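Below is final-v9.pdb, holding PDB, C-alpha atoms.
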ATOM      1  CA  MET A   1      -7.226 -15.118   6.587
ATOM      2  CA  ILE A   2      -8.393 -11.502   6.399
ATOM      3  CA  ALA A   3      -5.644  -8.972   7.020
ATOM      4  CA  PRO A   4      -6.440  -6.231   9.529
ATOM      5  CA  LEU A   5      -7.015  -2.778   8.117
ATOM      6  CA  THR A   6      -4.550  -0.200   9.247
ATOM      7  CA  ALA A   7      -5.682   3.208   8.052
ATOM      8  CA  CYS A   8      -8.837   5.243   7.789
ATOM      9  CA  THR A   9      -8.521   8.859   8.818
ATOM     10  CA  GLN A  10      -6.621  12.054   8.161
ATOM     11  CA  GLU A  11      -3.716  11.134  10.422
ATOM     12  CA  LEU A  12      -2.770   8.172   8.228
ATOM     13  CA  PRO A  13      -2.674   5.768  11.171
ATOM     14  CA  HIS A  14      -0.992   2.387  11.441
ATOM     15  CA  THR A  15      -3.589   0.824  13.716
ATOM     16  CA  VAL A  16      -7.208   1.631  14.385
ATOM     17  CA  HIS A  17      -9.749   1.125  17.118
ATOM     18  CA  GLU A  18     -13.481   1.682  17.338
ATOM     19  CA  ASP A  19     -14.590   4.866  19.054
ATOM     20  CA  SER A  20     -17.754   5.102  21.176
ATOM     21  CA  ALA A  21     -19.910   5.513  18.058
ATOM     22  CA  GLY A  22     -18.460   2.351  16.477
ATOM     23  CA  ALA A  23     -16.418   4.245  13.881
ATOM     24  CA  LEU A  24     -12.818   3.320  13.224
ATOM     25  CA  ALA A  25     -10.330   5.804  14.676
ATOM     26  CA  PRO A  26      -6.503   5.950  14.624
ATOM     27  CA  THR A  27      -4.286   4.858  17.487
ATOM     28  CA  SER A  28      -0.829   5.349  15.951
ATOM     29  CA  ARG A  29       1.023   5.964  12.686
ATOM     30  CA  PRO A  30       4.122   4.139  11.431
ATOM     31  CA  ALA A  31       7.204   6.267  10.828
ATOM     32  CA  SER A  32       7.263   5.204   7.182
ATOM     33  CA  LEU A  33       3.980   6.882   6.257
ATOM     34  CA  PRO A  34       4.040  10.533   5.351
ATOM     35  CA  VAL A  35       2.171  12.994   7.539
ATOM     36  CA  THR A  36       1.693  15.380   4.623
ATOM     37  CA  GLY A  37       1.376  14.880   0.905
ATOM     38  CA  ASN A  38       4.772  16.349   0.006
ATOM     39  CA  ALA A  39       6.212  15.392  -3.365
ATOM     40  CA  VAL A  40       8.912  12.711  -3.291
ATOM     41  CA  ASN A  41      11.029  12.385  -6.430
ATOM     42  CA  GLY A  42       8.366  14.395  -8.283
ATOM     43  CA  TYR A  43       5.457  12.200  -7.127
ATOM     44  CA  LEU A  44       2.681  13.971  -5.236
ATOM     45  CA  PRO A  45       0.376  11.432  -3.534
ATOM     46  CA  SER A  46      -3.356  11.624  -4.179
ATOM     47  CA  VAL A  47      -4.036  10.809  -0.511
ATOM     48  CA  GLN A  48      -3.896  14.119   1.318
ATOM     49  CA  PRO A  49      -4.654  14.995   4.943
ATOM     50  CA  GLY A  50      -7.999  16.757   5.174
ATOM     51  CA  ASN A  51      -9.497  14.805   2.265
ATOM     52  CA  LEU A  52     -10.119  11.483   4.004
ATOM     53  CA  ARG A  53     -13.164   9.939   5.579
ATOM     54  CA  PRO A  54     -13.396   7.022   8.014
ATOM     55  CA  ILE A  55     -13.583   3.605   6.421
ATOM     56  CA  GLY A  56     -16.348   2.509   8.797
ATOM     57  CA  ASN A  57     -18.536  -0.259   7.327
ATOM     58  CA  ALA A  58     -16.163  -0.672   4.373
ATOM     59  CA  ALA A  59     -13.501  -2.308   6.606
ATOM     60  CA  VAL A  60     -14.390  -5.919   5.763
ATOM     61  CA  PRO A  61     -14.803  -5.372   1.986
ATOM     62  CA  PHE A  62     -11.504  -3.426   2.023
ATOM     63  CA  ALA A  63      -9.728  -6.250   3.867
ATOM     64  CA  LEU A  64     -11.030  -8.818   1.400
ATOM     65  CA  TYR A  65      -9.899  -6.690  -1.558
ATOM     66  CA  VAL A  66      -6.465  -6.074  -0.023
ATOM     67  CA  ASN A  67      -6.064  -9.852   0.282
ATOM     68  CA  GLN A  68      -7.143 -10.251  -3.344
ATOM     69  CA  ILE A  69      -4.483  -7.722  -4.410
ATOM     70  CA  HIS A  70      -1.891  -9.504  -2.271
ATOM     71  CA  SER A  71      -2.658 -12.816  -3.988
ATOM     72  CA  HIS A  72      -1.614 -11.147  -7.272
ATOM     73  CA  LEU A  73       1.418  -9.290  -5.843
ATOM     74  CA  HIS A  74       3.065 -11.934  -3.688
ATOM     75  CA  PRO A  75       4.121 -14.388  -6.429
ATOM     76  CA  ILE A  76       5.719 -11.561  -8.409
ATOM     77  CA  PHE A  77       7.336  -9.529  -5.640
ATOM     78  CA  ALA A  78       8.200 -12.029  -2.905
ATOM     79  CA  ASP A  79       8.369 -15.396  -4.649
ATOM     80  CA  THR A  80      10.171 -14.145  -7.767
ATOM     81  CA  PHE A  81      11.933 -10.810  -7.147
ATOM     82  CA  LEU A  82      12.951 -11.197  -3.496
ATOM     83  CA  ALA A  83      13.886 -14.845  -4.049
ATOM     84  CA  SER A  84      16.215 -13.767  -6.875
ATOM     85  CA  LEU A  85      18.086 -11.484  -4.465
ATOM     86  CA  ASP A  86      19.215 -14.486  -2.436
ATOM     87  CA  ARG A  87      21.778 -15.179  -5.181
ATOM     88  CA  LEU A  88      23.461 -11.839  -4.458
ATOM     89  CA  PRO A  89      26.173 -11.510  -1.806
ATOM     90  CA  ARG A  90      24.823 -10.721   1.682
ATOM     91  CA  SER A  91      26.741  -7.427   1.499
ATOM     92  CA  HIS A  92      24.829  -6.301  -1.622
ATOM     93  CA  PRO A  93      22.649  -3.205  -0.986
ATOM     94  CA  MET A  94      19.555  -5.098  -2.187
ATOM     95  CA  ASN A  95      20.058  -7.605   0.648
ATOM     96  CA  ASP A  96      19.675  -4.991   3.374
ATOM     97  CA  LEU A  97      16.752  -6.403   5.354
ATOM     98  CA  ASP A  98      15.748  -2.879   6.422
ATOM     99  CA  LEU A  99      14.796  -1.837   2.864
ATOM    100  CA  LEU A 100      11.244  -0.482   2.610
ATOM    101  CA  ALA A 101       9.633   1.159  -0.407
ATOM    102  CA  GLY A 102       6.299   2.883   0.247
ATOM    103  CA  LEU A 103       3.983   3.056  -2.753
ATOM    104  CA  GLU A 104       0.672   4.751  -3.292
ATOM    105  CA  LEU A 105      -1.690   2.712  -5.469
ATOM    106  CA  VAL A 106      -4.734   4.195  -7.174
ATOM    107  CA  ILE A 107      -6.862   1.379  -8.570
ATOM    108  CA  SER A 108      -9.753   1.663 -11.005
ATOM    109  CA  GLY A 109     -13.155   0.882  -9.549
ATOM    110  CA  GLN A 110     -14.217  -0.495 -12.920
ATOM    111  CA  ASP A 111     -11.729  -3.281 -13.575
ATOM    112  CA  GLY A 112      -9.044  -3.187 -10.862
ATOM    113  CA  SER A 113      -6.338  -1.867 -13.165
ATOM    114  CA  VAL A 114      -3.719   0.541 -11.843
ATOM    115  CA  VAL A 115      -4.763   4.114 -12.630
ATOM    116  CA  ARG A 116      -1.746   5.668 -10.949
ATOM    117  CA  ARG A 117       1.071   4.489  -8.732
ATOM    118  CA  GLY A 118       4.065   6.238  -7.267
ATOM    119  CA  LEU A 119       6.756   6.140  -4.661
ATOM    120  CA  PHE A 120       6.017   8.156  -1.503
ATOM    121  CA  HIS A 121       8.804   6.611   0.612
ATOM    122  CA  PRO A 122      11.973   5.611  -1.282
ATOM    123  CA  SER A 123      14.021   2.742   0.111
ATOM    124  CA  GLY A 124      17.329   4.390  -0.754
ATOM    125  CA  VAL A 125      18.096   1.678  -3.334
ATOM    126  CA  GLY A 126      16.663   2.681  -6.707
ATOM    127  CA  ALA A 127      16.585  -0.865  -8.103
ATOM    128  CA  PHE A 128      14.501  -2.027  -5.128
ATOM    129  CA  ASP A 129      12.059   0.856  -5.621
ATOM    130  CA  MET A 130      11.770   0.215  -9.364
ATOM    131  CA  ASN A 131      11.150  -3.507  -8.825
ATOM    132  CA  SER A 132       8.434  -2.686  -6.279
ATOM    133  CA  LEU A 133       6.698  -0.467  -8.844
ATOM    134  CA  ALA A 134       7.201  -3.074 -11.575
ATOM    135  CA  ALA A 135       5.643  -5.796  -9.388
ATOM    136  CA  VAL A 136       2.482  -3.687  -9.087
ATOM    137  CA  ASP A 137       2.398  -3.133 -12.836
ATOM    138  CA  ARG A 138       2.855  -6.841 -13.589
ATOM    139  CA  ALA A 139       0.304  -7.965 -10.980
ATOM    140  CA  SER A 140      -2.435  -5.652 -12.280
ATOM    141  CA  PRO A 141      -5.353  -5.862 -12.895
ATOM    142  CA  PHE A 142      -6.554  -6.986  -9.484
ATOM    143  CA  GLY A 143     -10.202  -7.519 -10.368
ATOM    144  CA  PRO A 144     -13.113  -5.142  -9.780
ATOM    145  CA  PRO A 145     -13.254  -3.815  -6.209
ATOM    146  CA  PRO A 146     -16.414  -3.744  -4.113
ATOM    147  CA  ALA A 147     -18.440  -0.537  -4.432
ATOM    148  CA  GLU A 148     -18.210   0.133  -0.658
ATOM    149  CA  ILE A 149     -14.476   0.939  -0.871
ATOM    150  CA  LEU A 150     -14.609   3.381  -3.777
ATOM    151  CA  SER A 151     -13.811   7.047  -3.324
ATOM    152  CA  PRO A 152     -16.059   9.652  -5.008
ATOM    153  CA  ASP A 153     -13.938   9.518  -8.192
ATOM    154  CA  GLY A 154     -14.599   5.777  -8.512
ATOM    155  CA  ASN A 155     -11.074   4.688  -7.524
ATOM    156  CA  VAL A 156      -9.528   2.750  -4.638
ATOM    157  CA  TYR A 157      -6.624   4.316  -2.702
ATOM    158  CA  LEU A 158      -3.927   2.385  -0.841
ATOM    159  CA  TYR A 159      -0.479   2.941   0.571
ATOM    160  CA  TRP A 160       1.455  -0.315   0.409
ATOM    161  CA  GLU A 161       4.858  -0.952   1.958
ATOM    162  CA  PHE A 162       7.178  -3.313   0.079
ATOM    163  CA  ARG A 163       9.887  -4.736   2.330
ATOM    164  CA  ARG A 164      13.073  -6.754   1.899
ATOM    165  CA  ASP A 165      12.514  -8.651   5.151
ATOM    166  CA  ALA A 166      10.280 -11.683   5.666
ATOM    167  CA  MET A 167       7.148  -9.469   5.581
ATOM    168  CA  ALA A 168       7.800  -8.700   1.873
ATOM    169  CA  CYS A 169       4.466  -7.366   0.537
ATOM    170  CA  SER A 170       2.277  -8.417   3.445
ATOM    171  CA  PRO A 171      -1.295  -7.091   3.620
ATOM    172  CA  LEU A 172      -0.385  -5.985   7.161
ATOM    173  CA  TYR A 173       1.438  -3.110   5.482
ATOM    174  CA  ALA A 174      -1.404  -2.109   3.171
ATOM    175  CA  HIS A 175      -3.029   1.115   4.350
ATOM    176  CA  PRO A 176      -6.449   1.760   2.748
ATOM    177  CA  PHE A 177      -8.103   5.157   2.372
ATOM    178  CA  ILE A 178     -11.426   6.532   1.211
ATOM    179  CA  LEU A 179     -11.263  10.106   0.002
ATOM    180  CA  LYS A 180     -13.974  12.672   0.734
ATOM    181  CA  ALA A 181     -13.596  14.259  -2.706
ATOM    182  CA  ALA A 182     -11.677  13.536  -5.899
ATOM    183  CA  PRO A 183      -8.017  14.575  -5.600
TER     184      PRO A 183
END

Any chance you could put this one into structure tokens?
Amino acid sequence: MIAPLTACTQELPHTVHEDSAGALAPTSRPASLPVTGNAVNGYLPSVQPGNLRPIGNAAVPFALYVNQIHSHLHPIFADTFLASLDRLPRSHPMNDLDLLAGLELVISGQDGSVVRRGLFHPSGVGAFDMNSLAAVDRASPFGPPPAEILSPDGNVYLYWEFRRDAMACSPLYAHPFILKAAP
């Protein structure tokens, strides 16, 4: 199944619709995504308002690549890490089903390796955040991405939400971007 794409313009939207010209346009933005590129814990995201272009015809290749990434991430994050948390008491902070760590992923257009990754939305539980980052590191490389989804610097840009609830690392919470110019 191809996951729907959920971002494409400067407003960092959660859902998109097609405008009268057939281009993807935002309809809303989840509270977890930043509106500006402010530094969090010293990490300044590469995705910045004003430097984004619509995904347009790259929507299907992006969706396919997001699913490819998810096939690498899910066994490490959900099947291994989240499953291990079930051994902890329900009252443990890592078993708070509202935990959400938002990561920015910058992926090489050459081989799918992680060029840069950082936390733009901390969960409030450092161990959860660190395990989210570690899952990305262990899952990489993701394979070469399609040329249609590359930004001008040759990289792929995604925001990905890692959750403690049943959605875990679902592609529904992967937000793809194409930059207008290198960050």

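For the choices A:Pro171, A:Gly50, A:Pro145, A:Gly118, the atom-to-atom distance to Met130 (chain A) is smallest for A:Gly118 when using all atoms listed in the file.
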
(request) Give me the result of the PyMOL selection byres ((chain A and resi 113) around 9) on this file, residue by residue, as a VMD selection string. (result) chain A and resid 106 to 112 114 to 115 137 140 to 144

(request) Using the chain letters and numbers from the file, give me the residues hit by the PyMOL selection byres ((chain A and resi 51) around 9), as JSON, numbers by chain. (result) {"A": [9, 10, 47, 48, 49, 50, 52, 53, 178, 179, 180, 181, 182, 183]}

(request) May I ask for the distance between CA of His70 (chain A) and CA of Tyr173 (chain A), given in Å to one decimal place? (result) 10.6 Å

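In this model, the gap between CA of Leu105 (chain A) and CA of Ser132 (chain A) comes to 11.5 Å.
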
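Once region 82-94 of chain A and its same-chain neighbours fewer than 5 positions away are set aside, His74, Pro75, Ile76, Phe77, Leu99, Ser123, Gly124, Val125, Gly126, Ala127, Phe128, Asn131, Arg163, Arg164, Asp165, Ala166 and Ala168 of chain A remain within 10 Å of it when counting all atoms listed in the file.
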
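Taking CA of Leu150 (chain A) as the reference point, CA of Ala78 (chain A) is found at 27.5 Å.
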
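Proximity ranking of A:Ala134, A:Tyr43, A:Asn95, A:Phe177 relative to Ile149 (chain A) places A:Phe177 first, based on all atoms listed in the file.
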
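Using all atoms listed in the file, the smallest distance between any of A:Leu100, A:Ala139, A:Ala174, A:Leu119 and Phe62 (chain A) comes from A:Ala174.
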
(request) Find the residues near Glu104 (chain A): any atom within 7 Å, counting all atoms listed in the file, skip ones fewer than 4 places away on the same chain, and give them as a VMD selection string. (result) chain A and resid 45 117 to 120 158 to 160
